[in-house]
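A.B. asks: Structure file data.pdb (PDB, C-alpha atoms) is given on the next line.
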ATOM      1  CA  MET N  22      -5.163  -2.890  21.962
ATOM      2  CA  ASP N  23      -1.524  -3.746  22.561
ATOM      3  CA  THR N  24       1.314  -1.815  20.941
ATOM      4  CA  GLN N  25       2.015  -4.354  18.193
ATOM      5  CA  ASP N  26      -1.667  -4.435  17.152
ATOM      6  CA  PHE N  27      -1.751  -0.634  17.175
ATOM      7  CA  ILE N  28       1.354  -0.487  14.987
ATOM      8  CA  ARG N  29       0.104  -3.125  12.551
ATOM      9  CA  LYS N  30      -3.312  -1.466  12.120
ATOM     10  CA  ARG N  31      -1.960   2.071  11.811
ATOM     11  CA  VAL N  32       0.796   1.112   9.356
ATOM     12  CA  HIS N  33      -1.748  -0.707   7.204
ATOM     13  CA  SER N  34      -4.064   2.308   7.287
ATOM     14  CA  CYS N  35      -1.268   4.755   6.433
ATOM     15  CA  TYR N  36      -0.148   2.671   3.466
ATOM     16  CA  TRP N  37      -3.430   1.446   2.043
ATOM     17  CA  ASP N  38      -5.948   4.142   3.038
ATOM     18  CA  ARG N  39      -3.794   7.271   3.063
ATOM     19  CA  GLU N  40      -1.103   6.214   0.562
ATOM     20  CA  VAL N  41       1.697   7.874   2.521
ATOM     21  CA  ASN N  42       5.317   6.796   2.400
ATOM     22  CA  CYS N  43       7.377   5.050   5.043
ATOM     23  CA  ALA N  44       8.959   8.208   6.479
ATOM     24  CA  THR N  45       5.564   9.877   6.896
ATOM     25  CA  THR N  46       4.096   6.695   8.349
ATOM     26  CA  SER N  47       6.904   6.502  10.917
ATOM     27  CA  LEU N  48       6.443  10.149  11.862
ATOM     28  CA  LEU N  49       2.674   9.791  12.216
ATOM     29  CA  LEU N  50       2.893   6.728  14.441
ATOM     30  CA  LEU N  51       5.630   8.188  16.607
ATOM     31  CA  GLY N  52       3.627  11.400  16.949
ATOM     32  CA  GLU N  53       0.542   9.445  17.997
ATOM     33  CA  ARG N  54       2.457   7.256  20.428
ATOM     34  CA  PHE N  55       4.205  10.166  22.139
ATOM     35  CA  GLY N  56       1.421  12.746  21.916
ATOM     36  CA  VAL N  57       3.318  15.063  19.589
ATOM     37  CA  GLN N  58       1.312  17.167  17.148
ATOM     38  CA  LEU N  59       3.183  17.253  13.846
ATOM     39  CA  SER N  60       2.726  20.286  11.647
ATOM     40  CA  ASP N  61       1.689  19.970   8.026
ATOM     41  CA  GLN N  62       5.055  21.444   7.097
ATOM     42  CA  VAL N  63       6.916  18.578   8.821
ATOM     43  CA  LEU N  64       4.736  15.987   7.107
ATOM     44  CA  ASP N  65       5.209  17.810   3.794
ATOM     45  CA  ALA N  66       8.979  17.659   4.284
ATOM     46  CA  ALA N  67       8.771  13.865   4.587
ATOM     47  CA  ALA N  68       6.969  13.479   1.255
ATOM     48  CA  GLY N  69      10.162  12.675  -0.621
ATOM     49  CA  MET N  70      11.885  10.761   2.137
ATOM     50  CA  HIS N  71      11.443   7.215   1.009
ATOM     51  CA  GLY N  72      14.889   6.171  -0.006
ATOM     52  CA  ALA N  73      15.679   9.769  -1.034
ATOM     53  CA  GLY N  74      12.697  10.047  -3.316
ATOM     54  CA  GLY N  75      13.032   6.535  -4.673
ATOM     55  CA  TYR N  76      16.777   6.851  -5.301
ATOM     56  CA  ARG N  77      17.083   3.845  -2.973
ATOM     57  CA  ALA N  78      19.433   5.622  -0.583
ATOM     58  CA  GLN N  79      18.761   6.145   3.143
ATOM     59  CA  CYS N  80      15.451   4.530   3.999
ATOM     60  CA  GLY N  81      12.463   6.590   5.133
ATOM     61  CA  LEU N  82      12.139   4.175   8.049
ATOM     62  CA  VAL N  83      15.375   5.767   9.281
ATOM     63  CA  GLU N  84      14.713   9.323   8.112
ATOM     64  CA  GLY N  85      11.295   9.700   9.768
ATOM     65  CA  PRO N  86      12.477   8.641  13.229
ATOM     66  CA  LEU N  87      15.581  10.840  12.932
ATOM     67  CA  MET N  88      13.319  13.809  12.216
ATOM     68  CA  PHE N  89      11.134  12.828  15.157
ATOM     69  CA  LEU N  90      14.114  12.679  17.526
ATOM     70  CA  GLY N  91      14.849  16.299  16.674
ATOM     71  CA  ILE N  92      11.230  17.339  17.173
ATOM     72  CA  VAL N  93      10.676  15.520  20.461
ATOM     73  CA  GLY N  94      14.144  16.413  21.724
ATOM     74  CA  ARG N  95      13.554  20.109  21.202
ATOM     75  CA  GLN N  96      10.127  19.885  22.855
ATOM     76  CA  ALA N  97      11.735  18.214  25.876
ATOM     77  CA  GLY N  98      14.480  20.869  26.065
ATOM     78  CA  ILE N  99      17.232  18.395  25.260
ATOM     79  CA  PRO N 100      20.369  20.163  24.005
ATOM     80  CA  ASP N 101      21.160  19.854  20.299
ATOM     81  CA  LYS N 102      24.404  17.979  20.996
ATOM     82  CA  GLU N 103      22.417  15.300  22.861
ATOM     83  CA  ILE N 104      19.866  15.106  20.048
ATOM     84  CA  GLU N 105      22.700  14.690  17.558
ATOM     85  CA  LYS N 106      24.290  11.988  19.716
ATOM     86  CA  SER N 107      20.969  10.161  19.971
ATOM     87  CA  CYS N 108      20.486  10.337  16.192
ATOM     88  CA  ARG N 109      23.910   8.757  15.726
ATOM     89  CA  GLN N 110      23.049   6.064  18.287
ATOM     90  CA  PHE N 111      19.712   5.435  16.597
ATOM     91  CA  ALA N 112      21.397   4.991  13.216
ATOM     92  CA  SER N 113      23.999   2.648  14.663
ATOM     93  CA  GLN N 114      21.447   0.546  16.531
ATOM     94  CA  PHE N 115      19.077   0.487  13.553
ATOM     95  CA  GLU N 116      21.867  -0.708  11.287
ATOM     96  CA  GLY N 117      22.890  -3.336  13.825
ATOM     97  CA  ARG N 118      19.332  -4.635  14.121
ATOM     98  CA  PHE N 119      18.184  -4.417  10.495
ATOM     99  CA  SER N 120      21.576  -4.778   8.703
ATOM    100  CA  SER N 121      21.526  -1.457   6.835
ATOM    101  CA  LEU N 122      20.220   2.097   6.617
ATOM    102  CA  LEU N 123      19.723   1.841   2.863
ATOM    103  CA  CYS N 124      16.360   1.350   1.234
ATOM    104  CA  SER N 125      17.962  -0.739  -1.516
ATOM    105  CA  VAL N 126      19.204  -3.246   1.073
ATOM    106  CA  LEU N 127      16.274  -3.174   3.511
ATOM    107  CA  ARG N 128      13.488  -3.578   0.962
ATOM    108  CA  PRO N 129      12.432  -7.239   0.768
ATOM    109  CA  GLY N 130      13.645  -8.604  -2.557
ATOM    110  CA  GLY N 131      15.075  -5.259  -3.627
ATOM    111  CA  PHE N 132      13.260  -3.379  -6.386
ATOM    112  CA  ASN N 133      11.484  -5.046  -9.301
ATOM    113  CA  ARG N 134       9.020  -3.751 -11.873
ATOM    114  CA  ASP N 135       6.333  -6.184 -10.773
ATOM    115  CA  ASP N 136       6.591  -5.508  -7.021
ATOM    116  CA  PRO N 137       3.260  -5.452  -5.223
ATOM    117  CA  PRO N 138       2.326  -2.207  -3.463
ATOM    118  CA  HIS N 139       3.530  -1.579   0.070
ATOM    119  CA  LEU N 140       6.078  -4.361   0.030
ATOM    120  CA  CYS N 141       7.719  -2.938   3.164
ATOM    121  CA  GLU N 142       4.613  -3.127   5.375
ATOM    122  CA  ASP N 143       5.982  -5.861   7.650
ATOM    123  CA  LEU N 144       9.404  -4.213   7.812
ATOM    124  CA  THR N 145       7.710  -0.931   8.674
ATOM    125  CA  CYS N 146       5.897  -2.544  11.611
ATOM    126  CA  ARG N 147       9.153  -3.952  12.954
ATOM    127  CA  THR N 148      11.119  -0.725  12.520
ATOM    128  CA  VAL N 149       8.368   1.456  14.007
ATOM    129  CA  SER N 150       8.324  -0.799  17.065
ATOM    130  CA  PHE N 151      12.111  -0.455  17.333
ATOM    131  CA  SER N 152      11.834   3.330  16.872
ATOM    132  CA  MET N 153       9.190   3.641  19.581
ATOM    133  CA  GLU N 154      11.407   1.777  22.027
ATOM    134  CA  PHE N 155      14.374   3.972  21.127
ATOM    135  CA  VAL N 156      12.413   7.233  21.438
ATOM    136  CA  HIS N 157      10.979   6.098  24.777
ATOM    137  CA  GLY N 158      14.515   5.589  26.095
ATOM    138  CA  PHE N 159      15.646   8.906  24.620
ATOM    139  CA  ILE N 160      12.976  11.022  26.283
ATOM    140  CA  ASN N 161      13.013   9.113  29.559
ATOM    141  CA  GLY N 162      16.781   9.194  29.956
TER
END
Starting from the file, lay out its structure as structure tokens.
C.D. replies:
Amino acid sequence: MDTQDFIRKRVHSCYWDREVNCATTSLLLLGERFGVQLSDQVLDAAAGMHGAGGYRAQCGLVEGPLMFLGIVGRQAGIPDKEIEKSCRQFASQFEGRFSSLLCSVLRPGGFNRDDPPHLCEDLTCRTVSFSMEFVHGFING
């Protein structure tokens, strides 16, 4: 299975079978891709990170990968200053590619009462692919 098929199937499963949010989904897929075991405590911490708990602020598709950069950076012995620099670069590149870091801007069609569930599934696939590429570059120098 190629990477895009893996991402599409796993995102769908996380959203529809497990009912987890975008930040948790990003963390889970990055952990699987890079062989990083995520603790329950880390996944618990991501429970409210989907636009700051629905406040529509920073998107969980940004927050999850930022958390992962810290986790994988520490495991690789990368100094905190370099992790911080990479987080800033990730945010800048994410914003350049997807136009914003805000859930209220990124979410297709914004927020409406009659939105179908998991409206961000396609966006999640695209951002997880971007995040995987970024993390790969981060850990491989």
A.B. asks: On this structure, which residues satisfy the PyMOL selection byres ((chain N and resi 86-99) around 8), written as an MDAnalysis selection string?
C.D. replies: chainID N and resid 44 47:48 51:52 57 82:85 100:101 103:104 107:108 111 152 156 160
A.B. asks: Those residues with C-alpha atoms, as a short mmCIF file (atom, residue, chain, number, x, y, z; two decimals), in the frame of the given file please?
C.D. replies:
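Output file out-v1.cif is given in full below:
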data_model
loop_
_atom_site.label_atom_id
_atom_site.label_comp_id
_atom_site.auth_asym_id
_atom_site.auth_seq_id
_atom_site.Cartn_x
_atom_site.Cartn_y
_atom_site.Cartn_z
CA ALA N 44 8.96 8.21 6.48
CA SER N 47 6.90 6.50 10.92
CA LEU N 48 6.44 10.15 11.86
CA LEU N 51 5.63 8.19 16.61
CA GLY N 52 3.63 11.40 16.95
CA VAL N 57 3.32 15.06 19.59
CA LEU N 82 12.14 4.18 8.05
CA VAL N 83 15.38 5.77 9.28
CA GLU N 84 14.71 9.32 8.11
CA GLY N 85 11.30 9.70 9.77
CA PRO N 100 20.37 20.16 24.00
CA ASP N 101 21.16 19.85 20.30
CA GLU N 103 22.42 15.30 22.86
CA ILE N 104 19.87 15.11 20.05
CA SER N 107 20.97 10.16 19.97
CA CYS N 108 20.49 10.34 16.19
CA PHE N 111 19.71 5.44 16.60
CA SER N 152 11.83 3.33 16.87
CA VAL N 156 12.41 7.23 21.44
CA ILE N 160 12.98 11.02 26.28
#
A.B. asks: Using all atoms listed in the file, tabulate the residues of range 108-135 of chain N lying at most 9 Å from any atom of range 61-73 of chain N, each with its closest atom pair and that distance in Å to one decimal, by chain and increasing residue number, as a Markdown table.
C.D. replies:
| residue | atom | partner | partner_atom | distance |
| --- | --- | --- | --- | --- |
| N:Leu123 | CA | N:Gly72 | CA | 7.1 |
| N:Cys124 | CA | N:Gly72 | CA | 5.2 |
| N:Ser125 | CA | N:Gly72 | CA | 7.7 |
A.B. asks: How far is it from CA of His139 in chain N to CA of Phe159 in chain N, in Å with one decimal?
C.D. replies: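 Separation of CA of His139 in chain N and CA of Phe159 in chain N: 29.3 Å.
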A.B. asks: Tell me, in Å to one decimal, how far CA of Asp143 in chain N is from CA of Thr46 in chain N.
C.D. replies: 12.7 Å
A.B. asks: Between N:Gln58, N:Gln79, N:Gln25, N:Asn133, which is the closest to Phe151 in chain N once you count only C-alpha atoms?
C.D. replies: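 Nearest to Phe151 in chain N: N:Gln25.
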A.B. asks: Step by step, gather every atom of range 127-140 of chain N that the file lists, find the box along x, y and z that holds them, add 8 Å on each side, and finally give centre and edge lengths in Å to one decimal, as lines of an AutoDock Vina configuration file.
C.D. replies:
center_x = 9.3
center_y = -5.1
center_z = -4.2
size_x = 29.9
size_y = 23.0
size_z = 31.4
A.B. asks: Which is closer to Glu40 in chain N than all the others in N:Pro138, N:Gly131, N:Phe119, N:Gly158, using all atoms listed in the file?
C.D. replies: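 Result for the nearest residue to Glu40 in chain N: N:Pro138.
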A.B. asks: Please provide the set of residues having any atom within 12 Å of Asp26 in chain N, restricted to only C-alpha atoms, with same-chain residues fewer than 5 positions apart removed, written as a list in words.
C.D. replies: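 Close residues of Asp26 in chain N: Arg31, Val32, His33, Cys146, Arg147 and Ser150 of chain N.
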A.B. asks: What is the CA of Gly117 in chain N-CA of Gly56 in chain N distance in Å, reported with one decimal?
C.D. replies: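 Here the two named atoms are 28.0 Å from each other.
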A.B. asks: For Val149 in chain N, which residue among N:Gly162, N:Gly130, N:Gly81, N:Pro137 is the nearest when counting only C-alpha atoms?
C.D. replies: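 Closest candidate: N:Gly81.
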A.B. asks: From the options N:Pro129, N:Glu53, N:Met153, N:Leu140, which residue's atoms come nearest to Trp37 in chain N, counting only C-alpha atoms?
C.D. replies: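 For Trp37 in chain N, the nearest of the candidates is N:Leu140.
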A.B. asks: With all atoms listed in the file as the basis for distance, which of N:Arg134, N:Lys106, N:Arg77, N:Lys30 is at the shortest distance from Leu50 in chain N?
C.D. replies: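 Closest to Leu50 in chain N of all the choices is N:Lys30.
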